[in-house]
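Below is one structure, written out as structure tokens; comments come after it.
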Amino acid sequence: DAADWLGIRPDPIREPKREYAKPKPQLSSLSDAHRAWLLSRGITDETMQAFGLKSKAEFIAFPSTLDGEVVRVKYRTKDKRFSQEKDCVHCLFGWQAIDPKARSVALVEGELDAMALHQYGMPTLSVPDGGGRKQGHWIETEYERLSRFDTIFLVLDDDEAGHAARDEIVERLGEERCRLVQLPAKDANDCLMAKVTKDVMRSCFRQAQSLDPEELKRPSDFYAQLRNEFFGQPDRDVGFGPPLPSVRAQLRFRHGEL
């Protein structure tokens with residue numbers, strides 16, 4: 001409005017659009033050895049197919065697909081040797097398995113973790129280069145695609161690199177829609193291998209912490225205090241009840257009350 005009133009409309013400053021290389025990998029169907037290893041990690045055949053996993057020699061290939069086109073490919077061996085196609089667009093892994101109607105998504109640090117949470121029923125994407133302060137390049141690419149999500153769950157490692165990644169992601173994507181999730185194991189794939197149930201995992205997401213100020217509380221934060229006010233402490237009764245068995249447990253008369 002100020003610019004219109006002053007009659008000023010400067011051209012917006014835009015950084016030069018970066019050109020990315022399109023990968024042309026020579027991939028083959030997922031090998032039996034790779035399939036067996038993924039099964040040992042709890043990843044099902046349906047999940048392997050949903051994420052489009054392939055093989056290249058001793059490497060498992062994790063293709064990133066946007067609008068039906070493979071734009072990035074990352075590789076890993078069973079003994080954690082990693083590589084990737086050069087000069088490809090920095091994007092999140094897992095869009096091919098995301099329901100277009102989904103309005104919440106989890107961000108994790110590894111492809112196996114993304115597939116594990118997918119099996120738990122949570123739409124999930126994996127950041128391209130793990131934790132640390134390297135998030136800017138993919139956030140610029142993915143910002144508009146992520147704008148459709150009302151809630152973004154951050155399921156990152158509880159270490160220095162994970163904290164650095166969390167801080168930058170929250171700053172760039174908005175603290176009002178980011179939630180911090182604490183899992184019962186190191187990561188989602190470890191939870192899957194430990195046979196953590198879906199109910200436990202759903203509970204972790206329900207209890208995800210917002211980044212609201214400490215003074216801002218949810219009603220559920222006061223549940224225990226209110227319950228104790230009405231019904232007494234869990235380990236002891238307060239006052240006395242009426243001589244009616246049907247309501248004795250629900251109705252208590254405290255000292256000084258009528």
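Residue numbers start at 1 in each chain; chains themselves are named A, B, ... in the order of the structure tokens; ligands are numbered from 1 in the order shown.
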
Just list as a JSON list (two decimals) with N, CA and C atoms, in the first residue's frame whatever in stretch 15-245 of chain A DSSP marks as strand (DSSP E).
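Wrote states_4.json, looks like this:
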```
[["chain", "number", "residue", "atom", "x", "y", "z"],
["A", 54, "LYS", "N", 15.37, -49.07, -6.57],
["A", 54, "LYS", "CA", 16.05, -49.80, -7.64],
["A", 54, "LYS", "C", 17.41, -50.26, -7.14],
["A", 55, "SER", "N", 18.16, -50.91, -8.01],
["A", 55, "SER", "CA", 19.51, -51.34, -7.70],
["A", 55, "SER", "C", 20.47, -50.83, -8.76],
["A", 56, "LYS", "N", 21.71, -50.59, -8.33],
["A", 56, "LYS", "CA", 22.80, -50.26, -9.24],
["A", 56, "LYS", "C", 24.07, -50.88, -8.67],
["A", 59, "PHE", "N", 24.85, -50.96, -4.92],
["A", 59, "PHE", "CA", 24.11, -49.87, -4.29],
["A", 59, "PHE", "C", 22.60, -50.05, -4.44],
["A", 60, "ILE", "N", 21.88, -49.66, -3.37],
["A", 60, "ILE", "CA", 20.43, -49.49, -3.45],
["A", 60, "ILE", "C", 20.18, -48.06, -3.91],
["A", 61, "ALA", "N", 19.33, -47.88, -4.90],
["A", 61, "ALA", "CA", 19.04, -46.55, -5.44],
["A", 61, "ALA", "C", 17.72, -46.04, -4.88],
["A", 62, "PHE", "N", 17.75, -44.80, -4.37],
["A", 62, "PHE", "CA", 16.56, -44.13, -3.83],
["A", 62, "PHE", "C", 16.24, -42.94, -4.73],
["A", 63, "PRO", "N", 15.35, -43.10, -5.69],
["A", 63, "PRO", "CA", 15.03, -42.00, -6.60],
["A", 63, "PRO", "C", 14.06, -41.00, -5.98],
["A", 64, "SER", "N", 14.30, -39.72, -6.21],
["A", 64, "SER", "CA", 13.37, -38.67, -5.82],
["A", 64, "SER", "C", 12.59, -38.24, -7.06],
["A", 65, "THR", "N", 11.28, -38.29, -6.96],
["A", 65, "THR", "CA", 10.42, -38.04, -8.11],
["A", 65, "THR", "C", 9.56, -36.81, -7.88],
["A", 66, "LEU", "N", 9.56, -35.91, -8.86],
["A", 66, "LEU", "CA", 8.69, -34.73, -8.85],
["A", 66, "LEU", "C", 7.89, -34.70, -10.13],
["A", 69, "GLU", "N", 8.65, -37.35, -12.69],
["A", 69, "GLU", "CA", 9.99, -37.40, -13.30],
["A", 69, "GLU", "C", 11.05, -37.57, -12.21],
["A", 70, "VAL", "N", 12.00, -38.47, -12.44],
["A", 70, "VAL", "CA", 13.10, -38.66, -11.50],
["A", 70, "VAL", "C", 14.06, -37.48, -11.64],
["A", 71, "VAL", "N", 14.25, -36.75, -10.54],
["A", 71, "VAL", "CA", 15.08, -35.55, -10.58],
["A", 71, "VAL", "C", 16.34, -35.68, -9.72],
["A", 72, "ARG", "N", 16.40, -36.73, -8.94],
["A", 72, "ARG", "CA", 17.56, -36.90, -8.04],
["A", 72, "ARG", "C", 17.63, -38.38, -7.66],
["A", 73, "VAL", "N", 18.82, -38.92, -7.54],
["A", 73, "VAL", "CA", 18.99, -40.30, -7.12],
["A", 73, "VAL", "C", 20.11, -40.37, -6.09],
["A", 74, "LYS", "N", 19.81, -40.98, -4.97],
["A", 74, "LYS", "CA", 20.80, -41.19, -3.91],
["A", 74, "LYS", "C", 21.05, -42.69, -3.78],
["A", 75, "TYR", "N", 22.29, -43.04, -3.47],
["A", 75, "TYR", "CA", 22.67, -44.45, -3.38],
["A", 75, "TYR", "C", 23.25, -44.75, -2.00],
["A", 76, "ARG", "N", 23.05, -45.99, -1.56],
["A", 76, "ARG", "CA", 23.71, -46.46, -0.34],
["A", 76, "ARG", "C", 23.90, -47.96, -0.43],
["A", 82, "PHE", "N", 27.65, -44.05, 0.94],
["A", 82, "PHE", "CA", 26.65, -43.23, 0.25],
["A", 82, "PHE", "C", 27.26, -42.51, -0.95],
["A", 83, "SER", "N", 26.43, -42.27, -1.94],
["A", 83, "SER", "CA", 26.79, -41.42, -3.06],
["A", 83, "SER", "C", 25.50, -40.92, -3.69],
["A", 84, "GLN", "N", 25.61, -40.00, -4.67],
["A", 84, "GLN", "CA", 24.43, -39.48, -5.34],
["A", 84, "GLN", "C", 24.81, -38.93, -6.70],
["A", 104, "SER", "N", -0.74, -33.05, 6.59],
["A", 104, "SER", "CA", 0.36, -33.06, 7.55],
["A", 104, "SER", "C", 1.44, -33.97, 7.01],
["A", 105, "VAL", "N", 2.69, -33.70, 7.40],
["A", 105, "VAL", "CA", 3.80, -34.48, 6.88],
["A", 105, "VAL", "C", 4.90, -34.49, 7.93],
["A", 106, "ALA", "N", 5.69, -35.56, 7.95],
["A", 106, "ALA", "CA", 6.84, -35.66, 8.84],
["A", 106, "ALA", "C", 8.11, -35.51, 8.01],
["A", 107, "LEU", "N", 9.12, -34.86, 8.58],
["A", 107, "LEU", "CA", 10.43, -34.73, 7.95],
["A", 107, "LEU", "C", 11.44, -35.52, 8.77],
["A", 108, "VAL", "N", 12.19, -36.40, 8.12],
["A", 108, "VAL", "CA", 13.19, -37.23, 8.78],
["A", 108, "VAL", "C", 14.52, -37.07, 8.07],
["A", 124, "THR", "N", 5.53, -39.04, 4.95],
["A", 124, "THR", "CA", 6.87, -38.67, 5.41],
["A", 124, "THR", "C", 7.79, -38.38, 4.23],
["A", 125, "LEU", "N", 8.67, -37.40, 4.43],
["A", 125, "LEU", "CA", 9.69, -37.04, 3.46],
["A", 125, "LEU", "C", 11.04, -37.02, 4.15],
["A", 126, "SER", "N", 12.09, -37.35, 3.40],
["A", 126, "SER", "CA", 13.44, -37.35, 3.95],
["A", 126, "SER", "C", 14.23, -36.19, 3.37],
["A", 151, "THR", "N", 0.51, -28.90, 9.17],
["A", 151, "THR", "CA", 1.39, -29.31, 10.25],
["A", 151, "THR", "C", 2.59, -30.06, 9.69],
["A", 152, "ILE", "N", 3.78, -29.70, 10.17],
["A", 152, "ILE", "CA", 5.01, -30.37, 9.76],
["A", 152, "ILE", "C", 5.67, -30.93, 11.01],
["A", 153, "PHE", "N", 5.75, -32.26, 11.09],
["A", 153, "PHE", "CA", 6.36, -32.93, 12.23],
["A", 153, "PHE", "C", 7.84, -33.13, 11.96],
["A", 154, "LEU", "N", 8.69, -32.65, 12.85],
["A", 154, "LEU", "CA", 10.13, -32.81, 12.71],
["A", 154, "LEU", "C", 10.58, -33.99, 13.55],
["A", 178, "CYS", "N", 5.22, -26.10, 12.87],
["A", 178, "CYS", "CA", 6.20, -27.16, 13.13],
["A", 178, "CYS", "C", 5.98, -27.77, 14.51],
["A", 179, "ARG", "N", 6.12, -29.09, 14.59],
["A", 179, "ARG", "CA", 6.00, -29.82, 15.85],
["A", 179, "ARG", "C", 7.21, -30.74, 16.00],
["A", 180, "LEU", "N", 7.72, -30.87, 17.22],
["A", 180, "LEU", "CA", 8.88, -31.70, 17.49],
["A", 180, "LEU", "C", 8.43, -33.04, 18.06]]
```

- [ ] Find the distance between atom CA of A:Met48 and atom CA of A:Ala36 and write it in Å to one decimal.
- [x]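 So the answer is 11.4 Å.
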
- Which neighbours of A:Gly174 fall inside 12 Å, counting only C-alpha atoms, when residues of the same chain fewer than 6 positions from it are skipped, and could you give them as a PyMOL selection string? chain A and resi 139+143+146-147+149-153+166-168+210-212

Restricting the calculation to only C-alpha atoms, which member of A:Trp138, A:Tyr120, A:Phe51, A:Tyr20 is positioned closest to A:Met201?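 Checking each of A:Trp138, A:Tyr120, A:Phe51, A:Tyr20 against A:Met201, counting only C-alpha atoms, the winner is A:Tyr120.
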
Quiz item: Could you write out, as JSON, numbers by chain, all the residues of stretch 68-192 of chain A that DSSP marks as helix (DSSP H, G or I)?
Solution: {"A": [95, 96, 97, 111, 112, 113, 114, 115, 116, 117, 118, 119, 136, 137, 138, 139, 140, 141, 142, 143, 144, 145, 146, 160, 161, 162, 163, 164, 165, 166, 167, 168, 169, 170, 171, 172, 173, 188, 189, 190, 191, 192]}

The residue from A:His90, A:Arg145, A:Arg252, A:Lys78 with the smallest atom-to-atom distance to A:Ala102, counting only C-alpha atoms, is A:Arg145

Pairwise distance for atom CA of A:Asp187 and atom CA of A:Glu111, rounded to one decimal in Å:
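Atom CA of A:Glu111 lies at a distance of 11.3 Å from atom CA of A:Asp187.
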
The residue from A:Arg177, A:His137, A:His34, A:Arg148 with the smallest atom-to-atom distance to A:Arg18, counting only C-alpha atoms, is A:His137

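Across the structure, atom CA of A:Thr44 and atom CA of A:Thr77 are spaced 18.1 Å apart.
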
Requested in this report: Quick one: everything within 12 Å of A:Leu39, counting only C-alpha atoms, minus sequence neighbours fewer than 2 positions away in the same chain. Send it as an MDAnalysis selection string.
Outcome: chainID A and resid 32:37 41:48 112 115:116 189 192:193
